[in-house]
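Dropping entry24.txt in here (compact mmCIF, C-alpha atoms (C1' of nucleotides)):
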# COMPACT_ATOMS: atom_id res chain seq x y z
CA MET A 790 57.07 -29.00 30.63
CA GLU A 791 54.70 -27.72 27.98
CA ASN A 792 55.43 -24.23 26.74
CA THR A 793 52.87 -21.46 26.52
CA ARG A 794 52.23 -21.80 22.83
CA ASP A 795 51.61 -25.54 23.13
CA LYS A 796 49.28 -25.01 26.07
CA LEU A 797 47.28 -22.62 23.92
CA ILE A 798 47.26 -24.94 20.92
CA HIS A 799 45.97 -27.81 23.03
CA ALA A 800 43.39 -25.82 24.94
CA ALA A 801 42.16 -24.14 21.78
CA PHE A 802 41.78 -27.42 19.93
CA ASP A 803 39.92 -28.99 22.80
CA GLU A 804 37.56 -26.05 23.23
CA ILE A 805 36.91 -25.82 19.50
CA PHE A 806 36.32 -29.57 19.31
CA SER A 807 33.78 -29.25 22.12
CA HIS A 808 31.98 -26.03 21.22
CA GLY A 809 32.94 -25.23 17.66
CA TYR A 810 35.09 -22.31 16.58
CA GLN A 811 32.40 -19.68 16.98
CA GLY A 812 31.22 -21.16 20.25
CA ALA A 813 34.70 -21.39 21.69
CA SER A 814 35.23 -18.57 24.16
CA LEU A 815 38.65 -16.99 24.15
CA SER A 816 38.56 -16.51 27.89
CA ASP A 817 37.65 -20.17 28.40
CA ILE A 818 40.59 -21.22 26.25
CA LEU A 819 42.88 -18.94 28.24
CA ALA A 820 41.55 -20.25 31.54
CA LYS A 821 41.97 -23.86 30.43
CA ALA A 822 45.49 -23.17 29.22
CA GLY A 823 46.34 -21.16 32.32
CA VAL A 824 47.62 -18.37 30.12
CA HIS A 825 46.84 -14.67 30.24
CA LYS A 826 45.32 -12.83 27.36
CA GLY A 827 48.24 -10.60 26.51
CA SER A 828 50.46 -13.65 26.44
CA MET A 829 48.26 -15.27 23.86
CA TYR A 830 48.36 -12.18 21.67
CA HIS A 831 52.12 -12.35 21.84
CA PHE A 832 52.04 -15.68 20.00
CA PHE A 833 48.99 -15.23 17.78
CA ALA A 834 47.58 -12.27 15.91
CA ASN A 835 44.01 -13.13 16.91
CA LYS A 836 41.60 -15.90 17.82
CA LYS A 837 41.31 -17.13 14.25
CA GLU A 838 45.05 -17.48 13.71
CA MET A 839 45.33 -19.49 16.91
CA ALA A 840 42.43 -21.67 15.86
CA LEU A 841 43.84 -22.33 12.40
CA ALA A 842 47.23 -23.17 13.88
CA SER A 843 45.76 -25.48 16.51
CA ILE A 844 43.64 -27.32 13.96
CA GLU A 845 46.38 -27.72 11.40
CA GLU A 846 49.08 -28.79 13.81
CA THR A 847 46.92 -31.13 15.86
CA ILE A 848 45.30 -32.93 12.95
CA LEU A 849 48.44 -33.19 10.85
CA LYS A 850 50.29 -34.68 13.81
CA ARG A 851 47.53 -37.23 14.39
CA ASN A 852 47.44 -38.24 10.75
CA MET A 853 51.19 -38.60 10.69
CA GLU A 854 51.00 -41.21 13.43
CA LYS A 855 47.84 -42.86 12.22
CA TYR A 856 48.93 -43.79 8.75
CA ARG A 857 52.61 -44.44 9.31
CA TYR A 858 52.03 -48.20 9.12
CA VAL A 859 51.33 -47.89 5.40
CA GLU A 860 54.97 -46.93 4.88
CA THR A 861 56.43 -49.67 7.07
CA ASN A 862 54.17 -52.68 6.42
CA THR A 863 54.80 -54.97 3.47
CA ASN A 864 51.44 -56.76 3.43
CA GLY A 865 48.13 -57.08 5.30
CA PHE A 866 47.21 -53.55 4.43
CA LEU A 867 43.50 -54.17 4.25
CA GLU A 868 43.34 -56.23 7.44
CA GLU A 869 45.28 -53.60 9.32
CA PHE A 870 42.98 -50.95 7.91
CA TYR A 871 39.89 -52.88 9.00
CA THR A 872 41.29 -53.34 12.49
CA ARG A 873 41.85 -49.63 12.86
CA LEU A 874 38.45 -48.82 11.41
CA ARG A 875 36.81 -51.14 13.91
CA ASP A 876 38.70 -49.65 16.85
CA THR A 877 36.10 -47.52 18.59
CA SER A 878 38.47 -46.62 21.44
CA VAL A 879 40.08 -43.88 19.36
CA ARG A 880 36.70 -42.33 18.60
CA ASP A 881 34.84 -39.65 20.49
CA PHE A 882 31.22 -40.21 19.52
CA LYS A 883 29.98 -37.43 21.76
CA ARG A 884 31.96 -34.76 20.00
CA GLY A 885 32.22 -36.49 16.64
CA CYS A 886 35.04 -36.01 14.16
CA PRO A 887 36.99 -32.77 14.51
CA ILE A 888 37.53 -32.54 10.76
CA ALA A 889 33.86 -32.96 9.94
CA ASN A 890 32.82 -30.57 12.70
CA ILE A 891 34.98 -27.75 11.43
CA VAL A 892 34.14 -28.33 7.78
CA GLN A 893 30.45 -28.18 8.65
CA GLU A 894 30.77 -25.08 10.74
CA MET A 895 33.31 -23.01 8.90
CA SER A 896 33.89 -24.05 5.27
CA ASN A 897 31.09 -21.90 3.94
CA ILE A 898 31.61 -18.84 6.11
CA ASP A 899 35.36 -18.22 6.16
CA GLU A 900 37.74 -18.61 3.27
CA ASP A 901 40.80 -19.30 5.44
CA PHE A 902 39.04 -22.14 7.20
CA ASN A 903 37.75 -23.35 3.87
CA VAL A 904 41.25 -23.57 2.43
CA LEU A 905 42.64 -25.32 5.49
CA MET A 906 39.84 -27.86 5.75
CA LYS A 907 39.94 -28.60 2.05
CA SER A 908 43.58 -29.47 2.48
CA ILE A 909 43.01 -31.55 5.61
CA TYR A 910 40.07 -33.46 4.20
CA GLY A 911 42.04 -33.95 0.99
CA ALA A 912 44.90 -35.42 3.00
CA PHE A 913 42.46 -37.76 4.71
CA ARG A 914 41.27 -39.02 1.33
CA ALA A 915 44.84 -39.30 0.07
CA ASN A 916 45.80 -41.42 3.08
CA ILE A 917 42.99 -43.87 2.43
CA LYS A 918 43.83 -43.94 -1.26
CA ALA A 919 47.46 -44.79 -0.40
CA ILE A 920 46.29 -47.80 1.60
CA LEU A 921 44.15 -49.02 -1.28
CA ASP A 922 46.97 -48.50 -3.78
CA LYS A 923 49.31 -50.51 -1.56
CA ALA A 924 46.72 -53.26 -1.22
CA ILE A 925 46.41 -53.45 -4.98
CA GLU A 926 50.17 -53.32 -5.42
CA VAL A 927 50.67 -56.41 -3.26
CA GLY A 928 47.67 -58.20 -4.76
CA GLU A 929 45.28 -57.98 -1.83
CA MET A 930 42.76 -56.37 -4.09
CA LYS A 931 41.77 -56.11 -7.72
CA PRO A 932 42.78 -52.87 -9.43
CA CYS A 933 40.03 -50.25 -9.32
CA ASP A 934 39.51 -46.50 -9.20
CA THR A 935 41.11 -46.01 -5.80
CA ALA A 936 40.44 -42.27 -5.73
CA LYS A 937 36.71 -42.88 -5.99
CA LEU A 938 36.76 -45.76 -3.55
CA ALA A 939 38.75 -43.68 -1.08
CA LEU A 940 36.19 -40.91 -1.43
CA PHE A 941 33.42 -43.41 -0.76
CA ILE A 942 35.19 -44.78 2.28
CA THR A 943 35.94 -41.42 3.84
CA SER A 944 32.37 -40.29 3.22
CA THR A 945 30.95 -43.37 4.86
CA ILE A 946 33.28 -43.11 7.85
CA GLU A 947 32.31 -39.49 8.44
CA GLY A 948 28.67 -40.38 8.02
CA ALA A 949 29.02 -43.24 10.48
CA ILE A 950 30.53 -40.99 13.14
CA LEU A 951 27.74 -38.49 12.58
CA ALA A 952 25.08 -41.20 12.88
CA ALA A 953 26.52 -42.34 16.20
CA LYS A 954 26.67 -38.75 17.41
CA ALA A 955 23.07 -38.13 16.41
CA SER A 956 21.73 -41.29 18.01
CA GLY A 957 24.10 -41.34 20.97
CA ASN A 958 24.73 -44.98 20.11
CA ALA A 959 28.26 -46.10 19.23
CA GLN A 960 26.84 -49.32 17.80
CA ASP A 961 25.56 -47.35 14.83
CA TYR A 962 29.16 -46.57 13.92
CA VAL A 963 30.09 -50.24 14.23
CA ASP A 964 27.18 -51.33 12.05
CA VAL A 965 28.06 -48.89 9.29
CA ILE A 966 31.71 -49.87 9.39
CA GLU A 967 30.88 -53.57 9.08
CA GLU A 968 28.75 -52.91 6.03
CA LEU A 969 31.49 -50.71 4.60
CA ILE A 970 34.06 -53.46 5.08
CA GLU A 971 31.72 -55.91 3.32
CA HIS A 972 31.53 -53.46 0.46
CA ILE A 973 35.29 -53.20 0.20
CA GLU A 974 35.63 -56.98 0.46
CA GLY A 975 33.39 -57.21 -2.60
CA LYS A 976 36.19 -55.56 -4.55
CA ARG A 977 38.81 -58.21 -3.81
CA MET B 659 1.12 -12.65 3.12
CA GLU B 660 3.45 -14.38 5.52
CA ASN B 661 2.74 -13.72 9.17
CA THR B 662 5.33 -12.55 11.65
CA ARG B 663 5.93 -15.92 13.20
CA ASP B 664 6.53 -17.54 9.80
CA LYS B 665 8.89 -14.75 8.79
CA LEU B 666 10.88 -15.43 11.92
CA ILE B 667 10.86 -19.20 11.40
CA HIS B 668 12.14 -18.81 7.86
CA ALA B 669 14.74 -16.17 8.62
CA ALA B 670 15.97 -18.10 11.66
CA PHE B 671 16.30 -21.34 9.71
CA ASP B 672 18.18 -19.65 6.91
CA GLU B 673 20.55 -17.84 9.25
CA ILE B 674 21.18 -20.97 11.28
CA PHE B 675 21.72 -22.99 8.13
CA SER B 676 24.29 -20.43 7.01
CA HIS B 677 26.11 -19.63 10.24
CA GLY B 678 25.13 -22.31 12.71
CA TYR B 679 23.02 -21.77 15.79
CA GLN B 680 25.73 -20.15 17.85
CA GLY B 681 26.92 -18.07 14.94
CA ALA B 682 23.44 -16.89 14.04
CA SER B 683 22.96 -13.35 15.27
CA LEU B 684 19.56 -12.53 16.66
CA SER B 685 19.67 -9.04 15.21
CA ASP B 686 20.55 -10.43 11.78
CA ILE B 687 17.59 -12.79 11.97
CA LEU B 688 15.33 -9.92 12.96
CA ALA B 689 16.68 -7.71 10.19
CA LYS B 690 16.22 -10.45 7.60
CA ALA B 691 12.70 -11.14 8.82
CA GLY B 692 11.89 -7.43 9.02
CA VAL B 693 10.62 -7.94 12.54
CA HIS B 694 11.43 -6.02 15.69
CA LYS B 695 12.97 -7.62 18.72
CA GLY B 696 10.05 -7.22 21.08
CA SER B 697 7.80 -8.75 18.48
CA MET B 698 9.96 -11.82 18.32
CA TYR B 699 9.88 -12.21 22.09
CA HIS B 700 6.11 -12.10 21.87
CA PHE B 701 6.16 -15.35 19.90
CA PHE B 702 9.18 -17.09 21.40
CA ALA B 703 10.61 -17.26 24.89
CA ASN B 704 14.18 -16.84 23.64
CA LYS B 705 16.57 -17.45 20.77
CA LYS B 706 16.81 -21.16 21.48
CA GLU B 707 13.07 -21.78 21.44
CA MET B 708 12.80 -19.98 18.12
CA ALA B 709 15.68 -22.00 16.73
CA LEU B 710 14.24 -25.33 17.87
CA ALA B 711 10.85 -24.43 16.42
CA SER B 712 12.32 -23.29 13.12
CA ILE B 713 14.41 -26.45 12.77
CA GLU B 714 11.64 -28.85 13.71
CA GLU B 715 8.94 -27.25 11.59
CA THR B 716 11.10 -26.65 8.54
CA ILE B 717 12.68 -30.09 8.40
CA LEU B 718 9.53 -32.00 9.23
CA LYS B 719 7.67 -30.17 6.49
CA ARG B 720 10.42 -30.93 3.97
CA ASN B 721 10.48 -34.60 4.88
CA MET B 722 6.72 -34.80 4.64
CA GLU B 723 6.89 -33.68 1.01
CA LYS B 724 10.03 -35.60 0.16
CA TYR B 725 8.89 -39.08 1.07
CA ARG B 726 5.21 -38.85 0.23
CA TYR B 727 5.75 -40.90 -2.92
CA VAL B 728 6.41 -43.97 -0.83
CA GLU B 729 2.80 -43.90 0.29
CA THR B 730 1.32 -43.35 -3.15
CA ASN B 731 3.53 -45.43 -5.46
CA THR B 732 2.88 -49.13 -5.97
CA ASN B 733 6.21 -50.08 -7.52
CA GLY B 734 9.52 -48.66 -8.77
CA PHE B 735 10.48 -47.66 -5.25
CA LEU B 736 14.18 -48.16 -5.74
CA GLU B 737 14.35 -46.43 -9.12
CA GLU B 738 12.43 -43.46 -7.75
CA PHE B 739 14.75 -43.41 -4.75
CA TYR B 740 17.83 -43.44 -6.98
CA THR B 741 16.45 -40.64 -9.11
CA ARG B 742 15.92 -38.47 -6.08
CA LEU B 743 19.33 -39.36 -4.68
CA ARG B 744 20.97 -38.35 -7.95
CA ASP B 745 19.11 -35.04 -8.10
CA THR B 746 21.74 -32.50 -7.11
CA SER B 747 19.41 -29.57 -7.73
CA VAL B 748 17.81 -29.99 -4.32
CA ARG B 749 21.20 -29.92 -2.59
CA ASP B 750 23.11 -26.97 -1.23
CA PHE B 751 26.71 -28.12 -1.25
CA LYS B 752 27.99 -24.82 0.05
CA ARG B 753 26.03 -25.00 3.25
CA GLY B 754 25.72 -28.78 3.41
CA CYS B 755 22.92 -30.67 5.07
CA PRO B 756 20.99 -28.73 7.73
CA ILE B 757 20.44 -31.87 9.79
CA ALA B 758 24.10 -32.83 9.81
CA ASN B 759 25.18 -29.26 10.51
CA ILE B 760 23.04 -28.93 13.60
CA VAL B 761 23.84 -32.40 14.90
CA GLN B 762 27.54 -31.62 14.59
CA GLU B 763 27.27 -28.26 16.24
CA MET B 764 24.74 -28.81 18.98
CA SER B 765 24.13 -32.46 19.87
CA ASN B 766 26.94 -32.56 22.38
CA ILE B 767 26.45 -29.18 23.96
CA ASP B 768 22.71 -28.78 24.51
CA GLU B 769 20.31 -31.47 25.61
CA ASP B 770 17.26 -29.90 23.95
CA PHE B 771 19.01 -29.79 20.60
CA ASN B 772 20.27 -33.30 21.19
CA VAL B 773 16.74 -34.63 21.74
CA LEU B 774 15.37 -32.81 18.71
CA MET B 775 18.14 -33.86 16.35
CA LYS B 776 18.01 -37.46 17.55
CA SER B 777 14.36 -37.48 16.61
CA ILE B 778 14.92 -35.79 13.24
CA TYR B 779 17.84 -38.00 12.26
CA GLY B 780 15.85 -41.00 13.44
CA ALA B 781 12.97 -39.95 11.18
CA PHE B 782 15.41 -39.66 8.28
CA ARG B 783 16.56 -43.23 8.88
CA ALA B 784 12.97 -44.42 9.26
CA ASN B 785 12.01 -42.85 5.94
CA ILE B 786 14.80 -44.65 4.11
CA LYS B 787 13.93 -47.88 5.87
CA ALA B 788 10.31 -47.51 4.74
CA ILE B 789 11.45 -47.27 1.12
CA LEU B 790 13.55 -50.41 1.47
CA ASP B 791 10.72 -52.29 3.18
CA LYS B 792 8.37 -51.33 0.35
CA ALA B 793 10.94 -52.41 -2.22
CA ILE B 794 11.21 -55.79 -0.53
CA GLU B 795 7.45 -56.07 -0.18
CA VAL B 796 6.93 -55.71 -3.92
CA GLY B 797 9.88 -57.95 -4.76
CA GLU B 798 12.30 -55.31 -6.02
CA MET B 799 14.83 -56.49 -3.52
CA LYS B 800 15.80 -59.53 -1.51
CA PRO B 801 14.84 -59.39 2.16
CA CYS B 802 17.60 -58.03 4.37
CA ASP B 803 18.18 -56.08 7.56
CA THR B 804 16.60 -52.87 6.32
CA ALA B 805 17.30 -50.97 9.53
CA LYS B 806 21.03 -51.55 9.09
CA LEU B 807 20.96 -50.85 5.39
CA ALA B 808 19.01 -47.65 5.98
CA LEU B 809 21.59 -46.62 8.55
CA PHE B 810 24.35 -47.30 6.04
CA ILE B 811 22.58 -45.32 3.34
CA THR B 812 21.88 -42.29 5.51
CA SER B 813 25.45 -42.31 6.77
CA THR B 814 26.85 -42.42 3.26
CA ILE B 815 24.54 -39.67 2.03
CA GLU B 816 25.53 -37.38 4.88
CA GLY B 817 29.19 -38.21 4.29
CA ALA B 818 28.82 -37.49 0.58
CA ILE B 819 27.35 -34.06 1.23
CA LEU B 820 30.16 -33.33 3.66
CA ALA B 821 32.80 -34.43 1.15
CA ALA B 822 31.36 -32.10 -1.47
CA LYS B 823 31.26 -29.28 1.04
CA ALA B 824 34.86 -29.88 2.06
CA SER B 825 36.18 -30.07 -1.50
CA GLY B 826 33.83 -27.50 -2.97
CA ASN B 827 33.14 -30.04 -5.71
CA ALA B 828 29.60 -31.31 -6.23
CA GLN B 829 30.99 -34.16 -8.34
CA ASP B 830 32.26 -35.78 -5.15
CA TYR B 831 28.67 -36.14 -4.02
CA VAL B 832 27.69 -37.69 -7.35
CA ASP B 833 30.58 -40.15 -7.23
CA VAL B 834 29.72 -41.34 -3.73
CA ILE B 835 26.04 -41.69 -4.62
CA GLU B 836 26.85 -43.81 -7.69
CA GLU B 837 28.96 -46.15 -5.61
CA LEU B 838 26.22 -46.27 -2.97
CA ILE B 839 23.64 -47.20 -5.60
CA GLU B 840 25.94 -49.95 -6.87
CA HIS B 841 26.15 -51.22 -3.32
CA ILE B 842 22.37 -51.29 -2.95
CA GLU B 843 22.01 -52.93 -6.35
CA GLY B 844 24.22 -55.70 -5.05
CA LYS B 845 21.42 -56.57 -2.63
CA ARG B 846 18.78 -57.17 -5.29
C1' DA C 338 -18.41 2.33 18.25
C1' DC C 339 -16.16 0.34 21.94
C1' DA C 340 -13.51 -2.77 24.96
C1' DG C 341 -10.09 -5.87 25.39
C1' DA C 342 -6.70 -8.67 23.51
C1' DA C 343 -2.93 -9.31 20.41
C1' DA C 344 0.81 -7.61 18.27
C1' DT C 345 4.40 -4.13 17.60
C1' DT C 346 7.77 -0.61 18.67
C1' DG C 347 12.40 0.65 20.11
C1' DA C 348 14.95 2.31 23.94
C1' DC C 349 17.43 0.26 27.38
C1' DC C 350 20.10 -3.37 30.32
C1' DG C 351 23.93 -6.25 32.06
C1' DA C 352 27.00 -9.63 30.41
C1' DT C 353 30.25 -11.16 27.34
C1' DT C 354 32.88 -10.79 23.27
C1' DA C 355 37.52 -10.23 20.85
C1' DG C 356 41.13 -7.25 21.03
C1' DT C 357 44.69 -3.42 22.95
C1' DC C 358 48.47 -1.88 25.45
C1' DA C 359 51.60 0.18 28.88
C1' DA C 360 54.06 -1.56 32.45
C1' DG C 361 56.46 -5.21 34.47
C1' DT C 362 59.33 -9.61 35.00
C1' DG C 363 62.65 -13.00 33.56
C1' DT C 364 66.63 -14.40 31.15
C1' DA C 365 70.42 -14.60 28.22
C1' DT C 366 74.45 -12.26 26.36
C1' DG C 367 77.83 -8.48 26.09
C1' DC D 502 76.75 -5.34 36.06
C1' DA D 503 74.10 -3.71 32.11
C1' DT D 504 71.71 -3.88 28.04
C1' DA D 505 68.39 -6.12 25.17
C1' DC D 506 64.99 -9.09 23.93
C1' DA D 507 61.22 -12.43 25.04
C1' DC D 508 57.58 -13.06 27.56
C1' DT D 509 53.87 -12.01 30.97
C1' DT D 510 50.48 -9.36 33.45
C1' DG D 511 45.81 -7.54 33.89
C1' DA D 512 43.24 -3.42 33.40
C1' DC D 513 40.89 -1.34 29.79
C1' DT D 514 37.95 -0.47 25.35
C1' DA D 515 34.35 -0.67 21.92
C1' DA D 516 31.15 -3.57 19.97
C1' DT D 517 27.97 -6.99 20.15
C1' DC D 518 25.40 -10.40 22.46
C1' DG D 519 20.69 -12.09 24.12
C1' DG D 520 17.05 -10.35 26.73
C1' DT D 521 13.50 -6.88 29.10
C1' DC D 522 9.67 -3.97 29.13
C1' DA D 523 6.51 0.01 29.20
C1' DA D 524 4.20 2.45 25.83
C1' DT D 525 1.69 2.28 21.67
C1' DT D 526 -0.76 0.64 17.64
C1' DT D 527 -3.57 -2.72 15.34
C1' DC D 528 -6.86 -6.24 15.26
C1' DT D 529 -11.05 -8.72 16.70
C1' DG D 530 -15.41 -9.79 18.63
C1' DT D 531 -19.66 -7.82 20.41

For this file, produce the structure as structure tokens.
Amino acid sequence: MENTRDKLIHAAFDEIFSHGYQGASLSDILAKAGVHKGSMYHFFANKKEMALASIEETILKRNMEKYRYVETNTNGFLEEFYTRLRDTSVRDFKRGCPIANIVQEMSNIDEDFNVLMKSIYGAFRANIKAILDKAIEVGEMKPCDTAKLALFITSTIEGAILAAKASGNAQDYVDVIEELIEHIEGKR
Amino acid sequence: MENTRDKLIHAAFDEIFSHGYQGASLSDILAKAGVHKGSMYHFFANKKEMALASIEETILKRNMEKYRYVETNTNGFLEEFYTRLRDTSVRDFKRGCPIANIVQEMSNIDEDFNVLMKSIYGAFRANIKAILDKAIEVGEMKPCDTAKLALFITSTIEGAILAAKASGNAQDYVDVIEELIEHIEGKR
DNA sequence: ACAGAAATTGACCGATTAGTCAAGTGTATG
DNA sequence: CATACACTTGACTAATCGGTCAATTTCTGT
């Protein structure tokens, strides 16, 4: 059974992912979580603190799972990376990427969000860089500036998700990813 | 002297660019425009109609100016394109890209915004494709699937702006753009 | 100058917002 | 059984939200 705080974290993340932080109604979050208002204020100081907690915890947990294979694998880093990139089933092209959404909405209007998203987006880049470093380490790839390449890859991924969201066509994501993979393959 | 409607269009666009559509306060827009509420409702049916008008008119006008050179030039399409891509002075890395911001915020929650942004993002892609087609026409580039390449380019640009917004570092944009240009150069 | 239209003013409305809090319930420990 | 702490309930507040509208001023064409 999920406890009250977890219910709130999940409902808040889902509402924010759907409507943005500013567009997320506190009463809708409470209704979705099945939690009363006073109860929420027992766990969080205010809407913003709940939002920050829900974003940080949810995204960090996802990333933990998503990039664990880099620690356990001993080879095939790039192929595994490509497979995951191509997997559209983990994507939500209607809502887009939660990281990008919140950066876009909040980074320039609230310093606390700015700090959090800088850290989360930085972790995203670091995860991709770790894959590239591993690939180079085991000789799947020529040495290169992996920080810059990781930046390029994350940018293109985010852009691809946005393109699919704008057009309503998941194929746009696939097309961008294929060209991105070609680009990376050129560095082997 | 700017008329009332234009004042509203400009103030609305600026407020929306800064705080998003949902975060943009009508009274702030009115204060910035120096226009009273009833006056605004004389020109627009509601907040949303004003927002849609301000977004469409402002972005279409910008694009008109931005890509006019494609019609007038007779060669050097790619070099001119690179120069403009590299020009960070036209970018606002704090607020990001207005197109991307509104797509992220609104495409999945309001059908009217969705339709408008699909059209605007589509025009963005079409403009880039036109440059590539011209470049191929005059032999600056080998023939290729310009629709897909344009999609890749727009995605990467949007991702680059987002990366710079997330990190607060304009250099991230520059780095992505340089790698993107290398990628395009590979197609010559 | 005058009529009529266009534009402006600003008070007002109901709905919704995030946030407060006193009272109550449940549970674990002495 | 009793005390204490964690948690829950839901009514309440003040502020803000987008939106309405009748009265008034300004502009325009004849």

Under the rule of at most 10 Å, produce a per-residue listing of chain A near chain D: chain, number, name, the closest pair of atoms, and the distance in Å, as a Markdown table, using only C-alpha atoms (C1' of nucleotides).
| residue | atom | partner | partner_atom | distance |
| --- | --- | --- | --- | --- |
| A:Thr793 | CA | D:DC508 | C1' | 9.7 |
| A:Val824 | CA | D:DT509 | C1' | 9.0 |
| A:His825 | CA | D:DT510 | C1' | 7.2 |
| A:Lys826 | CA | D:DG511 | C1' | 8.4 |
| A:Gly827 | CA | D:DT509 | C1' | 7.3 |
| A:Ser828 | CA | D:DT509 | C1' | 5.9 |
| A:Met829 | CA | D:DT509 | C1' | 9.6 |
| A:His831 | CA | D:DC508 | C1' | 7.9 |
| A:Phe832 | CA | D:DC508 | C1' | 9.7 |

- Query: Skipping near chain neighbours, those fewer than 6 positions away, what residues fall within 10 Å of Cys886 of chain A using all atoms listed in the file, listed as a PyMOL selection string?
  - Reply: (chain A and resi 806+880+946-948+950-951+954) or (chain B and resi 762)

- Of A:Ser807, A:Met839, A:Ala801, A:Ser816, the one nearest to chain C when counting only C-alpha atoms (C1' of nucleotides) is A:Ser816

- Item | Nearest candidate to chain C (options A:Tyr830, A:Ile848, A:Ile798, A:Asp803; using all atoms listed in the file) |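 With all atoms listed in the file as the atom set, the closest residue is A:Tyr830.
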
- Atom-to-atom span, atom CA of Gly823 of chain A and atom C1' of DT357 of chain C, Å: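 Atom C1' of DT357 of chain C lies at a distance of 20.1 Å from atom CA of Gly823 of chain A.
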
- Query: What gap, in Å, lies between atom CA of Ser825 of chain B and atom CA of Phe771 of chain B?
  - Reply: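 Spanning atom CA of Ser825 of chain B to atom CA of Phe771 of chain B is a straight-line distance of 28.0 Å.
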
Write segment 691-696 of chain B as a PDB file, keeping the file's coordinate frame, completed to all heavy atoms.
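Below you can see out-v3.pdb, which holds the result:
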ATOM      1  N   ALA B 691      14.143 -10.898   8.743  1.00  0.00           N
ATOM      2  CA  ALA B 691      12.700 -11.140   8.820  1.00  0.00           C
ATOM      3  C   ALA B 691      11.913  -9.828   8.735  1.00  0.00           C
ATOM      4  O   ALA B 691      10.717  -9.832   8.454  1.00  0.00           O
ATOM      5  CB  ALA B 691      12.355 -11.862  10.114  1.00  0.00           C
ATOM      6  N   GLY B 692      12.589  -8.707   8.991  1.00  0.00           N
ATOM      7  CA  GLY B 692      11.890  -7.430   9.020  1.00  0.00           C
ATOM      8  C   GLY B 692      10.960  -7.335  10.215  1.00  0.00           C
ATOM      9  O   GLY B 692       9.850  -6.818  10.126  1.00  0.00           O
ATOM     10  N   VAL B 693      11.446  -7.869  11.331  1.00  0.00           N
ATOM     11  CA  VAL B 693      10.620  -7.940  12.540  1.00  0.00           C
ATOM     12  C   VAL B 693      11.411  -7.328  13.702  1.00  0.00           C
ATOM     13  O   VAL B 693      12.629  -7.471  13.762  1.00  0.00           O
ATOM     14  CB  VAL B 693      10.263  -9.413  12.862  1.00  0.00           C
ATOM     15  CG1 VAL B 693       9.661  -9.544  14.258  1.00  0.00           C
ATOM     16  CG2 VAL B 693       9.316  -9.967  11.801  1.00  0.00           C
ATOM     17  N   HIS B 694      10.724  -6.640  14.570  1.00  0.00           N
ATOM     18  CA  HIS B 694      11.430  -6.020  15.690  1.00  0.00           C
ATOM     19  C   HIS B 694      11.597  -7.006  16.842  1.00  0.00           C
ATOM     20  O   HIS B 694      10.870  -7.988  16.958  1.00  0.00           O
ATOM     21  CB  HIS B 694      10.682  -4.771  16.155  1.00  0.00           C
ATOM     22  CG  HIS B 694      10.766  -3.654  15.172  1.00  0.00           C
ATOM     23  ND1 HIS B 694      11.753  -2.706  15.237  1.00  0.00           N
ATOM     24  CD2 HIS B 694      10.014  -3.359  14.085  1.00  0.00           C
ATOM     25  CE1 HIS B 694      11.588  -1.849  14.237  1.00  0.00           C
ATOM     26  NE2 HIS B 694      10.549  -2.225  13.523  1.00  0.00           N
ATOM     27  N   LYS B 695      12.569  -6.679  17.673  1.00  0.00           N
ATOM     28  CA  LYS B 695      12.970  -7.620  18.720  1.00  0.00           C
ATOM     29  C   LYS B 695      11.831  -7.988  19.667  1.00  0.00           C
ATOM     30  O   LYS B 695      11.575  -9.165  19.924  1.00  0.00           O
ATOM     31  CB  LYS B 695      14.147  -7.027  19.513  1.00  0.00           C
ATOM     32  CG  LYS B 695      14.704  -7.984  20.535  1.00  0.00           C
ATOM     33  CD  LYS B 695      16.011  -7.489  21.108  1.00  0.00           C
ATOM     34  CE  LYS B 695      17.161  -7.830  20.186  1.00  0.00           C
ATOM     35  NZ  LYS B 695      18.469  -7.657  20.884  1.00  0.00           N
ATOM     36  N   GLY B 696      11.139  -6.955  20.146  1.00  0.00           N
ATOM     37  CA  GLY B 696      10.050  -7.220  21.080  1.00  0.00           C
ATOM     38  C   GLY B 696       8.974  -8.107  20.484  1.00  0.00           C
ATOM     39  O   GLY B 696       8.354  -8.928  21.165  1.00  0.00           O
TER      40      GLY B 696
END
